[in-house]
Amino acid sequence: MSFDSKIPAGEMNEKWNDYKGHVKLVNPSNKRKLEVIVVGTGLAGASAAASLGELGYKVKSFCFQDSPRRAHSIAAQGGINAAKNYQNDGDSVFRLFYDTVKGGDYRSREANVHRLAEVSNAIIDQCVAQGVPFAREYGGLLSNRSFGGTQVQRTFYAAGQTGQQLLLGAYSALERQIALGNVEMHARHEMLDIVMIDGKARGIIARNLVTGELERHFGHAVLLCSGGYGNVFYLSTLAMGSNVTAAWKAHKKGAFFGNPCFTQIHPTCIPVSGDYQSKLTLMSESLRNDGRIWVPKKKDDNRKAVDIPEEERDYYLERRYPAFGNLVPRDVASRAAKERCDDGYGVGTTKLAVYLDFEDAIKRYGKIEAGKTGSTNTSEEYLIKLGKDVVKEKYGNLFDMYEKITGENPYEMPMRIFPAVHYTMGGLWVDYELQTSVKGLYALGEANFSDHGANRLGASALMQGLADGYFVIPYTIGNYLADEIATKVIPTDHPAFVETEKAVSDRINTLMSIKGKQTVESFHKRLGKIMWNKCGMARNEKGLQEAIVEIQELKKEFWADLRIPGEISSMNPELDKAGRVADFIELGELMCKDALMRKESCGGHFREESQTEDGEAKRDDENFSFVAAWEYKGESEWELNKEPLNFEIVKPSQRSYK
Amino acid sequence: MEHYNMNLTLKVWRQKNNQAAGSLETYQVKDISSEMSFLEMFDVLNDQLIVAGEDPIAFDHDCREGICGQCSMHINGRAHGPWANNTTCQLHMRAFKDGDTIVVEPWRSKAFPVIKDLIVDRSSFDRIIQSGGYISINTGNAVDANSLPIDKKNADDAFMAAACIGCGACVATCVNSSAMLFVSAKVSQLALLPQGQPERQSRVLNMVAQMDKENFGNCTNTYACEAECPKGISVSNIARMNREYLNAGLTTES
C-alpha cells in the first residue's frame with residue numbers, strides 16, 4: 001500500500017503547472033489499447049468518462065440508474081464557484097483557494113485545494129461551450145450571486161437547477177463519446193467488487209440489475225466516481241439509491257478511507273413529518289440571504305407563528321452572531337438550530353423545526369418596488385403584494401417545492417426548517433493524482449476525501465466534481481497508464497476474476513438464504529437513527545462508544561433475520577438495497593470510530609467535549625492536524641494512518657462569525 | 001393544513017418481466033397519512049407485501065425531489081398523477097381522500113417496453129441524445145465564457161427548454177406516443193445558442209431520424225404533452241423544431 005500524498009515540490013501556485021509539464025504521456029496509438037473503467041455518471045464520472053474517451057482511451061462507464069443522466073449531481077440547486085472575477089470585486093484564484101481552506105476549518109490539503117481553484121475558470125468555459133444555459137445579465141454576459149462563507153460574488157448558476165444543467169452538459173459529452181464508440185455504457189449495473197491482480201486494480205464485478213447476472217469487466221485502471229455516503233443516516237437529501245458500496249468494496253480491497261466522520265448537515269431542509277418518511281428535501285442556502293431564522297422565546301409555545309408578536313421571537317442567529325447573522329456557515333447554523341430545539345424551543349408538531357421567515361423581506365422589497373415605480377399607494381396590503389412578487393421571482397421554484405411537500409403556503413406563514421444530512425466530506429483517501437492507496441484505483445468527486453476538509457462551502461461540490469473529471473484525471477491517469485502500455489488486456493477467465501465473482505456470488509447467496517423476518521428498510525432506518533442520534537450534529541465519547549456496540553448488534557441481527565423476497569436471477573430491488581445496507585452498517589461503525597478518535601471539534605464534526613465557553617467548536621491543531629486514513633484489517637478492525645497536514649500559506653486560526 | 005388518514009384501494013399493473021403477460025392486481029392500504037408522498041405510500045404497500053411473503057412492486061425512483069426524472073407512474077389515467085407541473089415523487093397523498101381507488105400503470109408506449117411491473121426501458125431517449133443532442137466540443141477547447149455574449153431572451157428560452165428531465169411523461173400521455181416534446185426541447189436549447197450553430201442542421205435531422213427509428217409516433221398537436229410535463233416544457237419548442245427541420249431539409253446537401 002502506498003501512503004504518499006505525492007504533492008509536487010515547489011511554490012504553491014506552480015505545483016500544478018509544474019506537474020503537468022513533467023507528467024508522463026501516453027501516445028495516441030497506445031491510448032487505444034488502454035481500457036479504463038468508470039463507476040458512476042455524476043459530474044465527476046460523466047466528465048471523466050467523456051474526457052478520457054475524447055483522449056482516445058477505451059472507456060467503460062457504469063451507473064445503477066436507468067440512464068447516466070439521473071445521477072444525483074442532478075439535484076444540486078445553488079451554483080458552482082469559479083475565480084473568474086467577472087464582477088471586478090477582487091476575486092482571484094488565491095482568494096478562492098483561501099476561502100476553501102478556511103471554510104474547511106483547516107483540515108484539507110492545501111495543494112489539492114489550490115489546484116481546484118486554478119482549474120475552476122476552465123470549468124465555466126467548458127460548460128458554456130457545451131451549451132449549459134447559465135443565468136445571464138441583459139448585456140448577454142454571465143451573472144453571479146453570493147453564497148455562504150465568502151465576500152465576493154463568484155457563484156455561477158442556472159436558476160435553482162445548476163446541478164441539472166451541469167450534469168446534462170457532461171451527460172451530453174458522454175453520450176457523444178458513446179455514439180463515437182469510445183465509451184461503452186452500462187446503465188442499470190452496480191459495481192459489487194474490485195478485481196485485484198498482482199497488487200493492482202484490474203477490473204470489476206458488476207451486477208446487471210435487470211437480469212441479476214454477474215459480469216466481469218477488465219480495465220487497466222478503475223475510477224470510482226460513486227458519490228457520497230450520506231444515506232448511512234437513512235434520512236438525507238441524497239437520492240434513494242445513493243450508496244457507499246463501490247467505495248466500501250474498494251476499502252476492503254485496500255483503499256484507505258479518509259476522514260469518514262466528516263459529514264455536512266445542511267441547516268435548511270424541510271423537517272421530518274413522520275416515521276414513513278423516506279427522504280428529506282433541501283431548501284437552497286440562498287434562502288438565508290433574505291429569510292430570518294427564529295423560534296419563540298417561550299418554551300413549548302403552541303401558538304401559530306403569526307400570533308407570536310415580534311418581541312416574543314428569538315432571532316437566535318442574529319443574537320449569537322451579530323456580524324454574520326443568518327449567513328453563518330452551514331455547520332454553525334445547523335448546530336444553533338439543534339441547540340434551540342434540544343432546549344425545548346422548537347416549533348411544529350414534532351418540535352424539531354425552526355422558522356425561516358420572509359415577512360421582513362417581503363415588506364422591504366415591497367417598499368423598494370413602490371419607490372422604483374413612484375407609486376403613491378402606500379397601503380401595507382399593496383406593499384406586501386409587490387414584495388411577494390419580488391420574492392417569487394427570486395425563490396419561486398423553492399417556495400413551490402415547499403408548498404408541494406408540506407401543503408403550507410410560505411408566502412403567508414414562515415417555512416419550518418431543520419438540518420439534514422447533505423454531503424460527506426470524507427471518502428476514499430487519494431493522493432495528489434487522485435489515486436487511492438490501491439494502485440490503478442482512483443476516486444473522484446464526492447467519493448474522495450480531498451478538497452473540503454471538515455466543512456464544504458456552498459457551490460464547491462459541483463466545482464470539485466467537474467475539476468476532477470475534466471481537468472485533473474485526464475493528466476494524472478497518464479502518469480500511471482504510461483507504464484501500463486505493455487500490459488495486454490487480461491482475459492476475464494483469469495483466476496482473479498473467477499474468484500472475485502465467486503465471492504460476490506457467495507455473498508448474494510448468503511443474503512438471500514437468511515430468510516428472516518425483518519425488511520431491509522427497517523434495518524436501514526434503525527442504523528440511521530443510531531447514526532443521527534450519536535454520530536450526527538453533536539458527538540460525545542459515551543454516545544459514540546454506545547453507537548459502536550449498537551451497530552455491531554444491529555449487524556448480527558441483520559445477518560440473522562433479514563428477509564429478501566424474490567429471486568437472485570431477476571430484477572430485485574430489495575436485494576440491491578440489502579447489499580448496500582450491509583455495507584452502510586460496516587461504514588457506520590468506522591464513522592463512529594473515526595469520530596471517537598478525533599477528540600477535537602472541527603467544521604461539521606462537533607465533539608461536545610471540545611467547545612469554547614460559549615459553545616463554539618474548538619479545534620486542536622496540535623494533536624489533530626492530520627487526515628485520518630483508515631486501513632481495513634478485518635471485521636470491525638481498522639488501523640489508523642495519519643497524513644500530517646502542513647499549512648504553508650493559509651495559517652490556521654479559530655474561525656469566528658461573531 | 002389539516003392532516004388526515006385514509007384507507008385506499010390500489011389497482012397496480014404487475015408484470016414479471018418483459019416477456020410475461022401483465023395484469024392489474026388489487027391491494028388495500030390502511031392508515032395512509034395525507035402528509036406522505038405517493039411513493040412513500042408505495043413503500044408502505046411494499047413493506048406489507050414483503051412481510052406477507054409476496055413480491056414487492058418494482059417501480060423506478062431515485063431523487064424523490066422532482067429532478068432526476070426516474071419516477072414514472074401513470075396514475076388514474078394521468079402521467080405523474082393529478083397535480084399539474086409535478087412528478088410522481090412530488091405528488092402527496094393529500095391529493096386523495098379516504099376510500100379512493102387509485103389505478104397505477106407503467107408508461108404505455110412501444111418505444112418504452114416494460115421491464116418489470118411499473119418499470120420501463122427508456123434507453124431510446126439516450127440513443128436520441130447520442131444521435132446529436134450535444135455540441136461537439138472536446139474538453140479543453142473552450143474559449144473564455146464571457147467572450148460569447150448571449151441575448152438574454154435566447155438564453156432564458158434555452159434554459160426553459162433545457163429544464164426537461166427526460167422522464168418520458170410526454171410520450172406516455174400522447175395518443176401517438178410521440179417524443180416530439182422531448183426531442184424538440186433539446187433541439188431548441190441548442191438552436192437558440194450561438195454555440196449550437198455549427199451543427200444546427202445536422203443535429204435536427206439526425207435526432208428526428210433516430211426518433212422515428214425508435215418507434216415513437218408522430219405529433220398531431222393535441223398539446224397533451226405540455227399539459228402533463230412536470231417541468232412545463234412548452235409546445236412552442238415543437239413548432240421551433242418543425243421550422244428547424246424544414247429549414248435543414250431544404251438547405252443541406254445530401
# chains A, B, ... in the order shown; residues from 1 in each chain; ligands from 1
call {"tool": "select_by_dssp", "arguments": {"residues": "stretch 29-72 of chain A", "states": "helix (DSSP H, G or I)", "output": "PyMOL selection string"}}
result
chain A and resi 29-31+43-55+68-70+72
call {"tool": "residues_around", "arguments": {"residues": "stretch 104-113 of chain B", "least_positions_apart": "3", "cutoff": "7 Å", "atoms": "only C-alpha atoms", "output": "list in words"}}
result
Lys11, Val12, Trp13, Ser72, Met73, His74, Ile75, Asn76, Leu118, Ile119, Val120, Asp121, Arg122, Ser124, Ala172, Ser177, Glu214, Asn215 and Phe216 of chain B
call {"tool": "write_last_selection", "arguments": {"atoms": "N, CA and C atoms", "output": "CSV table (one decimal), in the first residue's frame"}}
result
chain,number,residue,atom,x,y,z
B,11,LYS,N,-55.1,-0.4,-7.6
B,11,LYS,CA,-55.0,-1.4,-8.7
B,11,LYS,C,-53.7,-1.1,-9.4
B,12,VAL,N,-52.8,-2.0,-9.3
B,12,VAL,CA,-51.5,-1.8,-9.8
B,12,VAL,C,-51.1,-2.8,-10.9
B,13,TRP,N,-50.5,-2.3,-11.9
B,13,TRP,CA,-50.0,-3.2,-13.0
B,13,TRP,C,-48.9,-4.1,-12.5
B,72,SER,N,-41.9,7.3,-12.7
B,72,SER,CA,-42.7,7.2,-13.9
B,72,SER,C,-44.0,6.4,-13.7
B,73,MET,N,-45.0,7.0,-13.1
B,73,MET,CA,-46.2,6.2,-12.9
B,73,MET,C,-47.4,6.9,-13.6
B,74,HIS,N,-48.2,6.1,-14.2
B,74,HIS,CA,-49.4,6.6,-14.8
B,74,HIS,C,-50.5,6.4,-13.8
B,75,ILE,N,-51.0,7.5,-13.2
B,75,ILE,CA,-51.9,7.4,-12.0
B,75,ILE,C,-53.3,7.8,-12.4
B,76,ASN,N,-54.2,7.0,-12.2
B,76,ASN,CA,-55.6,7.3,-12.6
B,76,ASN,C,-55.7,7.9,-14.0
B,118,LEU,N,-43.9,-1.6,-12.9
B,118,LEU,CA,-44.1,-0.2,-13.3
B,118,LEU,C,-42.8,0.3,-13.9
B,119,ILE,N,-41.8,-0.5,-14.1
B,119,ILE,CA,-40.5,0.0,-14.7
B,119,ILE,C,-40.5,-0.3,-16.2
B,120,VAL,N,-40.1,0.8,-16.9
B,120,VAL,CA,-40.0,0.7,-18.3
B,120,VAL,C,-38.6,1.0,-18.8
B,121,ASP,N,-38.2,0.7,-20.0
B,121,ASP,CA,-36.9,0.9,-20.6
B,121,ASP,C,-37.0,2.2,-21.4
B,122,ARG,N,-36.3,3.2,-21.0
B,122,ARG,CA,-36.3,4.5,-21.7
B,122,ARG,C,-35.0,4.8,-22.4
B,124,SER,N,-34.2,4.5,-25.2
B,124,SER,CA,-34.4,5.1,-26.5
B,124,SER,C,-34.1,6.6,-26.4
B,172,ALA,N,-45.7,9.2,-22.7
B,172,ALA,CA,-46.7,8.3,-22.0
B,172,ALA,C,-48.1,8.9,-22.2
B,177,SER,N,-48.0,8.3,-28.8
B,177,SER,CA,-46.6,8.0,-28.2
B,177,SER,C,-45.5,8.8,-28.9
B,214,GLU,N,-36.8,4.7,-33.4
B,214,GLU,CA,-37.2,4.2,-32.1
B,214,GLU,C,-38.6,3.9,-31.9
B,215,ASN,N,-39.4,4.0,-33.0
B,215,ASN,CA,-40.9,3.7,-32.9
B,215,ASN,C,-41.7,4.7,-32.2
B,216,PHE,N,-41.3,5.9,-32.0
B,216,PHE,CA,-42.2,6.9,-31.5
B,216,PHE,C,-43.1,7.3,-32.6
call {"tool": "residues_around", "arguments": {"residues": "stretch 534-537 of chain A", "least_positions_apart": "3", "cutoff": "10 Å", "atoms": "only C-alpha atoms", "output": "PyMOL selection string"}}
result
chain A and resi 233+261-265+331+334-335+338-339+419-421+528-531+540-548+588-589+591-593+595-596+604-608
call {"tool": "atom_distance", "arguments": {"atom1": "atom CA of A:Lys249", "atom2": "atom CA of A:Thr237"}}
result
23.5 Å
call {"tool": "select_by_dssp", "arguments": {"residues": "stretch 41-191 of chain B", "states": "strand (DSSP E or B)", "output": "list in words"}}
result
His74, Ile75, Arg78, Ala79, His92, Thr101, Ile102, Val103, Val104, Glu105, Val114, Ile115, Lys116, Ile119, Val120 and Ser178 of chain B
call {"tool": "write_last_selection", "arguments": {"atoms": "C-alpha atoms", "output": "CSV table (one decimal), in the first residue's frame"}}
result
chain,number,residue,atom,x,y,z
B,74,HIS,CA,-49.4,6.6,-14.8
B,75,ILE,CA,-51.9,7.4,-12.0
B,78,ARG,CA,-52.6,10.7,-16.0
B,79,ALA,CA,-48.8,10.7,-16.3
B,92,HIS,CA,-48.5,13.9,-2.0
B,101,THR,CA,-59.5,3.7,-5.6
B,102,ILE,CA,-56.2,4.5,-7.4
B,103,VAL,CA,-55.2,2.8,-10.7
B,104,VAL,CA,-51.4,2.8,-11.3
B,105,GLU,CA,-49.9,1.7,-14.6
B,114,VAL,CA,-41.9,-2.8,-19.7
B,115,ILE,CA,-39.0,-4.3,-17.8
B,116,LYS,CA,-41.0,-5.3,-14.7
B,119,ILE,CA,-40.5,0.0,-14.7
B,120,VAL,CA,-40.0,0.7,-18.3
B,178,SER,CA,-44.8,10.9,-29.8
call {"tool": "residues_around", "arguments": {"residues": "stretch 203-218 of chain A", "least_positions_apart": "6", "cutoff": "7 Å", "atoms": "only C-alpha atoms", "output": "count of residues only"}}
result
16
call {"tool": "closest_residue", "arguments": {"among": "B:Leu181, B:Gln195, B:Thr87, B:Ser34", "to": "chain A", "atoms": "only C-alpha atoms"}}
result
B:Gln195
call {"tool": "atom_distance", "arguments": {"atom1": "atom CA of A:Gln177", "atom2": "atom CA of A:Leu34"}}
result
15.9 Å
call {"tool": "residues_around", "arguments": {"residues": "A:Glu574", "least_positions_apart": "6", "cutoff": "8 Å", "atoms": "only C-alpha atoms", "output": "list in words"}}
result
Val520, Ile564 and Pro565 of chain A
call {"tool": "decode", "arguments": {"residues": "stretch 66-92 of chain B", "atoms": "N, CA and C atoms", "output": "compact mmCIF listing (two decimals), in the first residue's frame"}}
result
# COMPACT_ATOMS: atom_id res chain seq x y z
N GLY B 66 -38.14 15.46 -7.56
CA GLY B 66 -38.69 16.01 -8.80
C GLY B 66 -37.69 16.46 -9.83
N ILE B 67 -36.46 15.94 -9.80
CA ILE B 67 -35.47 16.48 -10.74
C ILE B 67 -34.73 15.39 -11.52
N CYS B 68 -34.63 14.18 -11.00
CA CYS B 68 -33.82 13.18 -11.72
C CYS B 68 -34.58 12.59 -12.90
N GLY B 69 -35.92 12.61 -12.84
CA GLY B 69 -36.72 12.13 -13.96
C GLY B 69 -36.89 10.63 -14.00
N GLN B 70 -36.50 9.95 -12.94
CA GLN B 70 -36.58 8.49 -12.99
C GLN B 70 -37.98 7.97 -12.67
N CYS B 71 -38.73 8.63 -11.79
CA CYS B 71 -40.04 8.09 -11.42
C CYS B 71 -41.00 8.25 -12.58
N SER B 72 -41.92 7.30 -12.69
CA SER B 72 -42.72 7.24 -13.92
C SER B 72 -43.96 6.40 -13.68
N MET B 73 -44.98 6.98 -13.09
CA MET B 73 -46.22 6.20 -12.91
C MET B 73 -47.38 6.91 -13.59
N HIS B 74 -48.20 6.09 -14.19
CA HIS B 74 -49.43 6.60 -14.81
C HIS B 74 -50.51 6.38 -13.76
N ILE B 75 -51.01 7.47 -13.18
CA ILE B 75 -51.88 7.36 -12.02
C ILE B 75 -53.28 7.83 -12.38
N ASN B 76 -54.25 6.96 -12.23
CA ASN B 76 -55.64 7.28 -12.62
C ASN B 76 -55.70 7.91 -14.02
N GLY B 77 -54.95 7.31 -14.93
CA GLY B 77 -55.02 7.75 -16.32
C GLY B 77 -54.20 8.97 -16.65
N ARG B 78 -53.43 9.48 -15.68
CA ARG B 78 -52.60 10.65 -15.98
C ARG B 78 -51.14 10.39 -15.64
N ALA B 79 -50.27 10.83 -16.55
CA ALA B 79 -48.84 10.68 -16.30
C ALA B 79 -48.47 11.51 -15.07
N HIS B 80 -47.83 10.90 -14.09
CA HIS B 80 -47.44 11.54 -12.83
C HIS B 80 -48.63 11.97 -11.96
N GLY B 81 -49.85 11.53 -12.29
CA GLY B 81 -50.98 11.78 -11.39
C GLY B 81 -51.66 13.13 -11.56
N PRO B 82 -52.53 13.45 -10.59
CA PRO B 82 -53.47 14.56 -10.77
C PRO B 82 -52.90 15.99 -10.71
N TRP B 83 -51.77 16.21 -10.09
CA TRP B 83 -51.29 17.58 -9.94
C TRP B 83 -50.59 18.07 -11.21
N ALA B 84 -50.74 19.35 -11.52
CA ALA B 84 -50.07 19.93 -12.68
C ALA B 84 -48.60 20.19 -12.37
N ASN B 85 -47.77 20.21 -13.39
CA ASN B 85 -46.33 20.50 -13.25
C ASN B 85 -45.69 19.73 -12.10
N ASN B 86 -45.88 18.44 -12.12
CA ASN B 86 -45.48 17.65 -10.97
C ASN B 86 -44.97 16.27 -11.38
N THR B 87 -44.00 15.75 -10.62
CA THR B 87 -43.57 14.37 -10.83
C THR B 87 -44.26 13.46 -9.82
N THR B 88 -44.24 12.17 -10.10
CA THR B 88 -44.86 11.20 -9.19
C THR B 88 -44.29 11.33 -7.78
N CYS B 89 -42.97 11.53 -7.70
CA CYS B 89 -42.35 11.55 -6.37
C CYS B 89 -42.76 12.78 -5.56
N GLN B 90 -43.21 13.83 -6.25
CA GLN B 90 -43.62 15.05 -5.54
C GLN B 90 -45.13 15.07 -5.28
N LEU B 91 -45.83 14.09 -5.81
CA LEU B 91 -47.27 14.00 -5.53
C LEU B 91 -47.45 13.57 -4.09
N HIS B 92 -48.32 14.24 -3.36
CA HIS B 92 -48.54 13.87 -1.97
C HIS B 92 -49.97 13.35 -1.76
